[in-house]
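Peer 1: Structure file protein23.txt, compact mmCIF, N, CA and C atoms and all ligand atoms, is pasted below:
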```txt
# COMPACT_ATOMS: atom_id res chain seq x y z
N MET H 868 76.36 -0.53 49.13
CA MET H 868 77.73 -0.09 49.48
C MET H 868 77.95 -0.16 50.99
N PRO H 869 78.92 -0.94 51.42
CA PRO H 869 79.21 -0.94 52.86
C PRO H 869 79.82 0.40 53.26
N VAL H 870 79.54 0.81 54.47
CA VAL H 870 80.07 2.08 54.97
C VAL H 870 81.57 1.92 55.25
N THR H 871 82.32 3.01 55.11
CA THR H 871 83.76 2.95 55.40
C THR H 871 84.06 3.68 56.72
N TYR H 872 85.23 3.41 57.28
CA TYR H 872 85.61 4.08 58.53
C TYR H 872 85.70 5.59 58.33
N ASP H 873 86.15 5.99 57.11
CA ASP H 873 86.22 7.42 56.81
C ASP H 873 84.85 8.08 56.92
N GLU H 874 83.85 7.38 56.40
CA GLU H 874 82.49 7.92 56.45
C GLU H 874 81.97 7.97 57.89
N LEU H 875 82.31 6.94 58.65
CA LEU H 875 81.89 6.93 60.06
C LEU H 875 82.54 8.07 60.83
N HIS H 876 83.83 8.31 60.51
CA HIS H 876 84.55 9.40 61.15
C HIS H 876 83.86 10.73 60.86
N GLN H 877 83.52 10.90 59.58
CA GLN H 877 82.83 12.10 59.14
C GLN H 877 81.50 12.27 59.89
N GLN H 878 80.75 11.17 59.97
CA GLN H 878 79.45 11.19 60.67
C GLN H 878 79.61 11.59 62.13
N LEU H 879 80.66 11.05 62.76
CA LEU H 879 80.89 11.36 64.18
C LEU H 879 81.24 12.83 64.37
N TRP H 880 82.05 13.37 63.44
CA TRP H 880 82.38 14.80 63.50
C TRP H 880 81.12 15.65 63.44
N GLU H 881 80.26 15.27 62.50
CA GLU H 881 79.05 16.05 62.33
C GLU H 881 78.12 15.92 63.53
N GLN H 882 78.07 14.70 64.08
CA GLN H 882 77.26 14.51 65.29
C GLN H 882 77.78 15.36 66.44
N ALA H 883 79.10 15.37 66.61
CA ALA H 883 79.70 16.14 67.70
C ALA H 883 79.37 17.63 67.54
N LYS H 884 79.48 18.11 66.30
CA LYS H 884 79.21 19.51 66.02
C LYS H 884 77.75 19.84 66.32
N GLU H 885 76.87 18.96 65.87
CA GLU H 885 75.44 19.14 66.06
C GLU H 885 75.08 19.11 67.55
N LEU H 886 75.63 18.16 68.28
CA LEU H 886 75.34 18.04 69.71
C LEU H 886 75.83 19.26 70.48
N LYS H 887 77.01 19.77 70.10
CA LYS H 887 77.55 20.96 70.77
C LYS H 887 76.65 22.15 70.52
N ALA H 888 76.18 22.30 69.28
CA ALA H 888 75.31 23.42 68.94
C ALA H 888 74.01 23.33 69.74
N GLN H 889 73.46 22.12 69.85
CA GLN H 889 72.21 21.94 70.60
C GLN H 889 72.41 22.25 72.08
N LEU H 890 73.53 21.81 72.63
CA LEU H 890 73.81 22.07 74.04
C LEU H 890 73.97 23.56 74.30
N GLU H 891 74.67 24.24 73.40
CA GLU H 891 74.86 25.68 73.56
C GLU H 891 73.53 26.43 73.49
N ALA H 892 72.69 26.04 72.55
CA ALA H 892 71.38 26.68 72.41
C ALA H 892 70.56 26.46 73.67
N LEU H 893 70.64 25.26 74.20
CA LEU H 893 69.89 24.91 75.40
C LEU H 893 70.39 25.71 76.60
N GLN H 894 71.71 25.79 76.75
CA GLN H 894 72.28 26.52 77.87
C GLN H 894 71.93 27.99 77.79
N ARG H 895 71.92 28.52 76.57
CA ARG H 895 71.56 29.92 76.37
C ARG H 895 70.12 30.17 76.80
N SER H 896 69.22 29.28 76.39
CA SER H 896 67.81 29.49 76.71
C SER H 896 67.57 29.32 78.21
N VAL H 897 68.29 28.39 78.85
CA VAL H 897 68.12 28.21 80.29
C VAL H 897 68.59 29.47 81.02
N ARG H 898 69.74 30.03 80.58
CA ARG H 898 70.25 31.25 81.21
C ARG H 898 69.27 32.40 81.08
N GLU H 899 68.74 32.58 79.88
CA GLU H 899 67.82 33.70 79.65
C GLU H 899 66.54 33.56 80.46
N GLU H 900 66.03 32.34 80.54
CA GLU H 900 64.81 32.12 81.31
C GLU H 900 65.07 32.25 82.80
N GLY H 901 66.30 31.97 83.19
CA GLY H 901 66.64 31.96 84.61
C GLY H 901 66.82 33.35 85.19
N VAL H 902 66.85 34.40 84.37
CA VAL H 902 67.10 35.75 84.87
C VAL H 902 65.89 36.30 85.65
N GLY H 903 64.72 35.79 85.37
CA GLY H 903 63.54 36.19 86.13
C GLY H 903 62.76 37.32 85.50
N TYR H 904 62.83 37.46 84.21
CA TYR H 904 62.05 38.48 83.52
C TYR H 904 60.64 38.02 83.21
N SER H 905 60.29 36.84 83.72
CA SER H 905 58.99 36.28 83.40
C SER H 905 57.87 37.05 84.11
N ASN H 906 56.96 37.64 83.34
CA ASN H 906 55.85 38.40 83.92
C ASN H 906 54.58 37.58 84.07
N HIS H 907 54.53 36.50 83.35
CA HIS H 907 53.29 35.72 83.35
C HIS H 907 53.33 34.62 84.41
N MET H 908 52.78 34.93 85.58
CA MET H 908 52.80 34.00 86.69
C MET H 908 52.07 32.69 86.38
N ALA H 909 51.06 32.80 85.55
CA ALA H 909 50.26 31.61 85.26
C ALA H 909 51.10 30.53 84.58
N ASP H 910 52.20 30.96 83.95
CA ASP H 910 53.02 30.01 83.22
C ASP H 910 54.13 29.39 84.05
N VAL H 911 54.21 29.79 85.31
CA VAL H 911 55.33 29.32 86.13
C VAL H 911 55.39 27.80 86.18
N GLY H 912 54.23 27.19 86.34
CA GLY H 912 54.20 25.72 86.40
C GLY H 912 54.79 25.08 85.18
N SER H 913 54.40 25.59 84.02
CA SER H 913 54.90 24.97 82.80
C SER H 913 56.36 25.34 82.57
N GLU H 914 56.79 26.49 83.08
CA GLU H 914 58.20 26.85 82.95
C GLU H 914 59.08 25.93 83.78
N VAL H 915 58.59 25.62 84.97
CA VAL H 915 59.34 24.69 85.82
C VAL H 915 59.44 23.35 85.12
N PHE H 916 58.33 22.95 84.55
CA PHE H 916 58.31 21.69 83.82
C PHE H 916 59.30 21.74 82.65
N GLU H 917 59.29 22.86 81.93
CA GLU H 917 60.18 22.97 80.78
C GLU H 917 61.64 22.98 81.19
N GLN H 918 61.92 23.62 82.32
CA GLN H 918 63.32 23.64 82.76
C GLN H 918 63.77 22.25 83.18
N ALA H 919 62.87 21.51 83.84
CA ALA H 919 63.20 20.14 84.23
C ALA H 919 63.46 19.31 82.98
N ARG H 920 62.63 19.54 81.97
CA ARG H 920 62.79 18.81 80.72
C ARG H 920 64.11 19.19 80.05
N ASP H 921 64.44 20.50 80.08
CA ASP H 921 65.70 20.97 79.50
C ASP H 921 66.89 20.32 80.20
N VAL H 922 66.79 20.19 81.52
CA VAL H 922 67.90 19.61 82.28
C VAL H 922 68.11 18.17 81.85
N SER H 923 67.01 17.41 81.72
CA SER H 923 67.20 16.01 81.34
C SER H 923 67.62 15.90 79.89
N LEU H 924 67.15 16.84 79.05
CA LEU H 924 67.58 16.86 77.65
C LEU H 924 69.07 17.17 77.57
N SER H 925 69.52 18.13 78.39
CA SER H 925 70.92 18.49 78.31
C SER H 925 71.80 17.36 78.84
N LYS H 926 71.28 16.60 79.81
CA LYS H 926 72.02 15.42 80.29
C LYS H 926 72.16 14.39 79.17
N THR H 927 71.06 14.17 78.45
CA THR H 927 71.09 13.21 77.34
C THR H 927 72.07 13.66 76.27
N LEU H 928 72.03 14.97 75.94
CA LEU H 928 72.92 15.51 74.92
C LEU H 928 74.38 15.38 75.35
N ARG H 929 74.63 15.72 76.61
CA ARG H 929 75.99 15.67 77.12
C ARG H 929 76.52 14.24 77.07
N HIS H 930 75.66 13.31 77.44
CA HIS H 930 76.03 11.91 77.44
C HIS H 930 76.35 11.43 76.01
N SER H 931 75.50 11.82 75.06
CA SER H 931 75.74 11.44 73.66
C SER H 931 77.04 12.04 73.16
N LEU H 932 77.26 13.31 73.54
CA LEU H 932 78.48 14.00 73.10
C LEU H 932 79.72 13.29 73.65
N GLU H 933 79.64 12.84 74.90
CA GLU H 933 80.77 12.11 75.48
C GLU H 933 81.05 10.84 74.69
N ASP H 934 79.99 10.12 74.33
CA ASP H 934 80.15 8.89 73.55
C ASP H 934 80.80 9.19 72.20
N VAL H 935 80.29 10.24 71.55
CA VAL H 935 80.79 10.60 70.22
C VAL H 935 82.26 11.04 70.31
N GLU H 936 82.58 11.83 71.34
CA GLU H 936 83.96 12.30 71.47
C GLU H 936 84.90 11.16 71.83
N ALA H 937 84.41 10.22 72.62
CA ALA H 937 85.23 9.04 72.95
C ALA H 937 85.51 8.25 71.68
N ALA H 938 84.50 8.14 70.81
CA ALA H 938 84.68 7.41 69.55
C ALA H 938 85.68 8.13 68.66
N LEU H 939 85.58 9.47 68.60
CA LEU H 939 86.52 10.25 67.78
C LEU H 939 87.95 10.09 68.31
N HIS H 940 88.06 10.05 69.63
CA HIS H 940 89.37 9.89 70.25
C HIS H 940 89.98 8.54 69.86
N LYS H 941 89.11 7.53 69.73
CA LYS H 941 89.59 6.20 69.37
C LYS H 941 90.14 6.16 67.93
N PHE H 942 89.64 7.07 67.09
CA PHE H 942 90.21 7.17 65.74
C PHE H 942 91.67 7.58 65.85
N ASP H 943 91.95 8.53 66.76
CA ASP H 943 93.33 9.00 66.96
C ASP H 943 94.21 7.88 67.50
N ASP H 944 93.62 7.08 68.39
CA ASP H 944 94.37 5.98 69.01
C ASP H 944 94.51 4.77 68.10
N GLY H 945 93.69 4.75 67.06
CA GLY H 945 93.69 3.59 66.18
C GLY H 945 92.94 2.41 66.78
N THR H 946 92.06 2.69 67.74
CA THR H 946 91.30 1.60 68.37
C THR H 946 89.82 1.68 68.01
N TYR H 947 89.48 2.55 67.06
CA TYR H 947 88.07 2.68 66.70
C TYR H 947 87.54 1.39 66.10
N GLY H 948 86.31 1.02 66.48
CA GLY H 948 85.68 -0.16 65.90
C GLY H 948 86.05 -1.44 66.63
N ILE H 949 86.80 -1.29 67.74
CA ILE H 949 87.19 -2.46 68.53
C ILE H 949 86.39 -2.44 69.84
N CYS H 950 85.79 -3.56 70.17
CA CYS H 950 84.99 -3.66 71.38
C CYS H 950 85.84 -3.33 72.61
N GLU H 951 85.35 -2.42 73.48
CA GLU H 951 86.11 -2.02 74.66
C GLU H 951 86.17 -3.13 75.69
N SER H 952 85.26 -4.06 75.57
CA SER H 952 85.18 -5.11 76.57
C SER H 952 85.98 -6.36 76.19
N CYS H 953 85.79 -6.87 74.98
CA CYS H 953 86.43 -8.14 74.62
C CYS H 953 87.47 -7.99 73.51
N GLY H 954 87.61 -6.80 72.91
CA GLY H 954 88.64 -6.59 71.89
C GLY H 954 88.30 -7.11 70.50
N THR H 955 87.09 -7.57 70.33
CA THR H 955 86.64 -8.03 69.01
C THR H 955 86.41 -6.83 68.10
N ILE H 956 86.59 -7.01 66.80
CA ILE H 956 86.25 -5.96 65.85
C ILE H 956 84.73 -5.90 65.71
N ILE H 957 84.18 -4.71 65.93
CA ILE H 957 82.73 -4.55 65.89
C ILE H 957 82.25 -4.59 64.43
N GLU H 958 81.15 -5.29 64.19
CA GLU H 958 80.62 -5.41 62.83
C GLU H 958 80.32 -4.03 62.25
N LEU H 959 80.65 -3.85 60.97
CA LEU H 959 80.42 -2.56 60.30
C LEU H 959 78.94 -2.18 60.31
N ALA H 960 78.07 -3.17 60.17
CA ALA H 960 76.64 -2.88 60.15
C ALA H 960 76.20 -2.23 61.47
N ARG H 961 76.81 -2.71 62.56
CA ARG H 961 76.48 -2.14 63.87
C ARG H 961 77.01 -0.70 63.98
N LEU H 962 78.22 -0.47 63.49
CA LEU H 962 78.81 0.87 63.53
C LEU H 962 78.03 1.83 62.64
N GLU H 963 77.52 1.28 61.55
CA GLU H 963 76.75 2.13 60.64
C GLU H 963 75.48 2.61 61.34
N ALA H 964 74.85 1.72 62.11
CA ALA H 964 73.64 2.07 62.83
C ALA H 964 73.96 2.97 64.03
N LEU H 965 75.11 2.74 64.65
CA LEU H 965 75.49 3.49 65.85
C LEU H 965 77.00 3.74 65.81
N PRO H 966 77.41 4.84 65.13
CA PRO H 966 78.86 5.09 64.95
C PRO H 966 79.62 5.21 66.26
N SER H 967 78.92 5.57 67.35
CA SER H 967 79.63 5.74 68.62
C SER H 967 79.58 4.48 69.48
N ALA H 968 79.22 3.35 68.90
CA ALA H 968 79.14 2.10 69.66
C ALA H 968 80.48 1.78 70.32
N ARG H 969 80.44 1.39 71.59
CA ARG H 969 81.68 1.08 72.30
C ARG H 969 81.90 -0.42 72.42
N TYR H 970 80.82 -1.17 72.31
CA TYR H 970 80.92 -2.61 72.50
C TYR H 970 80.36 -3.36 71.30
N CYS H 971 80.81 -4.59 71.13
CA CYS H 971 80.24 -5.44 70.11
C CYS H 971 78.84 -5.86 70.56
N MET H 972 78.11 -6.43 69.65
CA MET H 972 76.73 -6.83 69.93
C MET H 972 76.63 -7.74 71.16
N GLN H 973 77.52 -8.72 71.24
CA GLN H 973 77.49 -9.69 72.34
C GLN H 973 77.71 -9.01 73.68
N CYS H 974 78.73 -8.16 73.76
CA CYS H 974 79.04 -7.50 75.03
C CYS H 974 77.93 -6.52 75.40
N GLN H 975 77.39 -5.81 74.40
CA GLN H 975 76.31 -4.87 74.66
C GLN H 975 75.11 -5.58 75.28
N SER H 976 74.75 -6.74 74.72
CA SER H 976 73.57 -7.42 75.26
C SER H 976 73.89 -8.01 76.63
N ARG H 977 75.15 -8.38 76.85
CA ARG H 977 75.53 -8.87 78.18
C ARG H 977 75.43 -7.73 79.21
N HIS H 978 75.92 -6.53 78.82
CA HIS H 978 75.84 -5.38 79.72
C HIS H 978 74.38 -5.04 80.05
N GLU H 979 73.55 -5.08 79.01
CA GLU H 979 72.15 -4.73 79.23
C GLU H 979 71.44 -5.79 80.07
N GLY H 980 71.86 -7.03 79.90
CA GLY H 980 71.29 -8.12 80.69
C GLY H 980 71.56 -7.96 82.17
N LYS H 981 72.72 -7.36 82.49
CA LYS H 981 73.12 -7.19 83.89
C LYS H 981 72.26 -6.19 84.64
N ARG H 982 71.78 -5.19 83.90
CA ARG H 982 71.01 -4.12 84.54
C ARG H 982 69.69 -4.60 85.10
ZN ZN C 1 82.75 -7.45 72.91
```
Take the structure in the file and give it back as structure tokens.
Ligand SMILES: [Zn+2]
Peer 2:
Amino acid sequence: MPVTYDELHQQLWEQAKELKAQLEALQRSVREEGVGYSNHMADVGSEVFEQARDVSLSKTLRHSLEDVEAALHKFDDGTYGICESCGTIIELARLEALPSARYCMQCQSRHEGKR
């Protein structure tokens, strides 16, 4: 069964909800750890490491959430599934693998080639 746009929309909603929940949980834990109630000095090194990891994780989450929200916004605009670069309709198989895809396969590989 090929995936439908309705199903992709549903998936994106769920992804957005999930990403928001993860970000909130992360922000909560960073705030609590940041208050300075830590009594175990020996763990300071690993706490610093964990906070650095949390920061990069939250960046990744935020970035994914932006992609997902941009995709959801395109449903409202009626431009979902259209390559932002060349205007081609993105293959359903690609959207199924990555519902928040912004570019068609060709443009994506061209963008990655530039880096
Ligand atoms: Zn394209």
Peer 1: Would you pick out the contacts of stretch 933-948 of chain H at 6.5 Å or less, using all atoms listed in the file, so that residues sharing its chain but fewer than 6 positions from it are not included, and give the list as a list in words?
Peer 2: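 Here the answer would be Leu879, Ala883, Thr955, Ile956, Ile957, Pro966 and Ser967 of chain H.
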Peer 1: Which parts of chain H does DSSP call helix (DSSP H, G or I) when run on the backbone here, written out as number ranges by chain?
Peer 2: H: 872-901, 908-944, 959-964, 972-981
Peer 1: List as an mmCIF file with N, CA and C atoms, in the frame of the given file the protein and nucleic acid residues lying within 8 Å of ligand ZN 1 (chain C), with only N, CA and C atoms and all ligand atoms counted.
Peer 2:
```
data_model
loop_
_atom_site.group_PDB
_atom_site.id
_atom_site.type_symbol
_atom_site.label_atom_id
_atom_site.label_comp_id
_atom_site.auth_asym_id
_atom_site.auth_seq_id
_atom_site.Cartn_x
_atom_site.Cartn_y
_atom_site.Cartn_z
ATOM 1 N N ILE H 949 86.800 -1.290 67.740
ATOM 2 C CA ILE H 949 87.190 -2.460 68.530
ATOM 3 C C ILE H 949 86.390 -2.440 69.840
ATOM 4 N N CYS H 950 85.790 -3.560 70.170
ATOM 5 C CA CYS H 950 84.990 -3.660 71.380
ATOM 6 C C CYS H 950 85.840 -3.330 72.610
ATOM 7 N N GLU H 951 85.350 -2.420 73.480
ATOM 8 C CA GLU H 951 86.110 -2.020 74.660
ATOM 9 C C GLU H 951 86.170 -3.130 75.690
ATOM 10 N N SER H 952 85.260 -4.060 75.570
ATOM 11 C CA SER H 952 85.180 -5.110 76.570
ATOM 12 C C SER H 952 85.980 -6.360 76.190
ATOM 13 N N CYS H 953 85.790 -6.870 74.980
ATOM 14 C CA CYS H 953 86.430 -8.140 74.620
ATOM 15 C C CYS H 953 87.470 -7.990 73.510
ATOM 16 N N GLY H 954 87.610 -6.800 72.910
ATOM 17 C CA GLY H 954 88.640 -6.590 71.890
ATOM 18 C C GLY H 954 88.300 -7.110 70.500
ATOM 19 N N THR H 955 87.090 -7.570 70.330
ATOM 20 C CA THR H 955 86.640 -8.030 69.010
ATOM 21 C C THR H 955 86.410 -6.830 68.100
ATOM 22 N N ILE H 956 86.590 -7.010 66.800
ATOM 23 C CA ILE H 956 86.250 -5.960 65.850
ATOM 24 C C ILE H 956 84.730 -5.900 65.710
ATOM 25 N N ILE H 957 84.180 -4.710 65.930
ATOM 26 C CA ILE H 957 82.730 -4.550 65.890
ATOM 27 C C ILE H 957 82.250 -4.590 64.430
ATOM 28 N N ARG H 969 80.440 1.390 71.590
ATOM 29 C CA ARG H 969 81.680 1.080 72.300
ATOM 30 C C ARG H 969 81.900 -0.420 72.420
ATOM 31 N N TYR H 970 80.820 -1.170 72.310
ATOM 32 C CA TYR H 970 80.920 -2.610 72.500
ATOM 33 C C TYR H 970 80.360 -3.360 71.300
ATOM 34 N N CYS H 971 80.810 -4.590 71.130
ATOM 35 C CA CYS H 971 80.240 -5.440 70.110
ATOM 36 C C CYS H 971 78.840 -5.860 70.560
ATOM 37 N N MET H 972 78.110 -6.430 69.650
ATOM 38 C CA MET H 972 76.730 -6.830 69.930
ATOM 39 C C MET H 972 76.630 -7.740 71.160
ATOM 40 N N GLN H 973 77.520 -8.720 71.240
ATOM 41 C CA GLN H 973 77.490 -9.690 72.340
ATOM 42 C C GLN H 973 77.710 -9.010 73.680
ATOM 43 N N CYS H 974 78.730 -8.160 73.760
ATOM 44 C CA CYS H 974 79.040 -7.500 75.030
ATOM 45 C C CYS H 974 77.930 -6.520 75.400
ATOM 46 N N GLN H 975 77.390 -5.810 74.400
ATOM 47 C CA GLN H 975 76.310 -4.870 74.660
ATOM 48 C C GLN H 975 75.110 -5.580 75.280
#
```
Peer 1: For H:Thr871, list every protein, DNA or RNA residue within 8 Å, evaluated using all atoms listed in the file, and leave out those in the same chain fewer than 6 positions away; present the list as a count of residues only.
Peer 2: 3
Peer 1: Kindly give the distance, in Å, that separates atom CA of H:Gln878 and atom N of H:Leu928, rounded to a single decimal.
Peer 2: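 Computing it gives 17.4 Å between the two atoms.
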Peer 1: What is the atom C of H:Leu893 to atom N of H:Lys926 distance in Å?
Peer 2: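 A separation of 9.7 Å between them.
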Peer 1: If you measure from atom N of H:Ser925 to atom N of H:Glu885, what distance in Å do you get, rounded to one decimal?
Peer 2: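 Between atom N of H:Ser925 and atom N of H:Glu885 the gap works out to 14.5 Å.
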